[in-house]
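Asks: This is the structure I have questions about; it appears just below.
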Amino acid sequence: ELESCRDMRPTYQHLLEIARLDTGYELKRVVPTVGRSSQVFLGTKRGEAKGKQGPPRTVFAHTITHSLKMSTDDAEGWMDWPESLVLSAVDELERARLNADIGKKPNSHIFAHFNSLVDLEPSVVVERLEHFMNTFVAKHGNRLQKSKVDEIVVKLGIGSVSRGRTHTLRLTASSMTGEYLKTTSCFEQVDSLTGRPARWLDARTGGELGKEDPVVGRMQVKRSTARAAGSTYAPEFLGMIKVELIKK
């Protein structure tokens, strides 16, 4: 039994990737949550050296929905529901920070799982989802920065009822390698025995993507140090400029 998944729907540890998260972080569940389909955790990286301000911590807001309508005729109207879902995760982060044990110091990650099938060509779904994410970051950048969001992951299935799931798309907007919420897309493959994500292929080139780069941890520490001093980590400025250009 995973203590982090206690008193939780049995499917959540996989659908919300909590079991996978538990392998890298010591998780403390934050309750109550705003939504019934959301889970919030305060995570401390396992084996991470303690700095002057204590071990780096991250607030994780994971949420799920079983519906997403995307059609060839509706180029942008479909974005209203994903926007509402990801914003609900931001609400969860803002509420969690009211807890005295969390406060304003930890960084934040968002995971949103659309457990449904989109019956469109994979390339079309990739393009639309990347457009959505870039638009979302530009529109809600102020709230994301106040909540110290370093990563947003959106996961959805591609296929139909008759053909089944043909692809699992994972889109990530991440600041973990330096640039502010840089968007990347990949197709995810799972381990047939455990059902957990095991392999990722670039959605545009088809090349296999490696696991987390060790530089990521160092970037997060530097970013946390800059934020604690009331400043901004320098490599993020270019990304922030890009966000302002998207707004215009």
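Identifiers in the structure tokens: chain A, B, ... in order shown; residue index from 1 per chain; ligand index from 1 in order shown.
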Just want the 12 Å neighbourhood of region 8-19 of chain A, counted on only C-alpha atoms, with same-chain residues fewer than 5 positions away dropped. Output as a PyMOL selection string.
Replies: chain A and resi 1-3+24-29+31+36-43+60-66+110-116+153-156+190+194-197
Asks: Just asking: which residues within region 48-137 of chain A are strand (DSSP E or B) according to DSSP, as a ChimeraX atom specification?
Replies: /A:51,54,57-65,107-118
Asks: Identify which of the residues A:Thr23, A:Ser108, A:Thr33, A:Thr172 lies closest to Glu130 (chain A), counting only C-alpha atoms when measuring atom-to-atom distances.
Replies: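 Closest to Glu130 (chain A), using only C-alpha atoms: A:Thr172.
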Asks: Pick out the residues sitting within 10 Å of region 73-77 of chain A, and hand them over as a compact mmCIF listing (two decimals) with N, CA and C atoms, in the first residue's frame; count only C-alpha atoms, and ignore anything fewer than 2 positions along from it in its own chain.
Replies:
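Saved the output as selection.txt:
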# COMPACT_ATOMS: atom_id res chain seq x y z
N LYS A 69 -14.03 17.57 -25.86
CA LYS A 69 -14.57 17.58 -27.21
C LYS A 69 -13.71 18.46 -28.10
N MET A 70 -13.14 17.84 -29.13
CA MET A 70 -12.32 18.57 -30.09
C MET A 70 -12.70 18.07 -31.48
N SER A 71 -13.16 18.98 -32.35
CA SER A 71 -13.61 18.58 -33.69
C SER A 71 -12.88 19.38 -34.74
N MET A 79 -11.21 25.00 -26.42
CA MET A 79 -10.21 25.32 -25.40
C MET A 79 -10.82 25.80 -24.08
N ASP A 80 -12.11 26.12 -24.07
CA ASP A 80 -12.74 26.64 -22.85
C ASP A 80 -12.67 25.62 -21.71
N TRP A 81 -12.97 24.34 -22.00
CA TRP A 81 -12.98 23.33 -20.94
C TRP A 81 -11.57 23.04 -20.41
N ARG A 128 -2.90 21.78 -32.01
CA ARG A 128 -3.94 22.49 -31.27
C ARG A 128 -3.61 22.57 -29.78
N HIS A 131 -0.90 25.11 -29.19
CA HIS A 131 -1.48 26.45 -29.29
C HIS A 131 -2.24 26.80 -28.02
N PHE A 132 -3.00 25.84 -27.51
CA PHE A 132 -3.74 26.07 -26.26
C PHE A 132 -2.79 26.41 -25.12
Asks: Region 7-208 of chain A: which residues are helix (DSSP H, G or I) by DSSP, as a ChimeraX atom specification?
Replies: /A:12-15,18-22,77-96,122-139,141-146
Asks: Write out as a PyMOL selection string the residues lying within 7 Å of region 93-101 of chain A, counting only C-alpha atoms and excluding same-chain residues fewer than 4 positions away.
Replies: chain A and resi 30+61+89+147
Asks: Considering only C-alpha atoms, state which residue in the set A:Leu68, A:Leu209, A:Ala198, A:Leu144 is at the smallest distance from Val125 (chain A).
Replies: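 The closest residue to Val125 (chain A) is A:Leu68.
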Asks: Quote the spacing between CA of Gly141 (chain A) and CA of Cys186 (chain A) in Å to one decimal place.
Replies: 23.6 Å
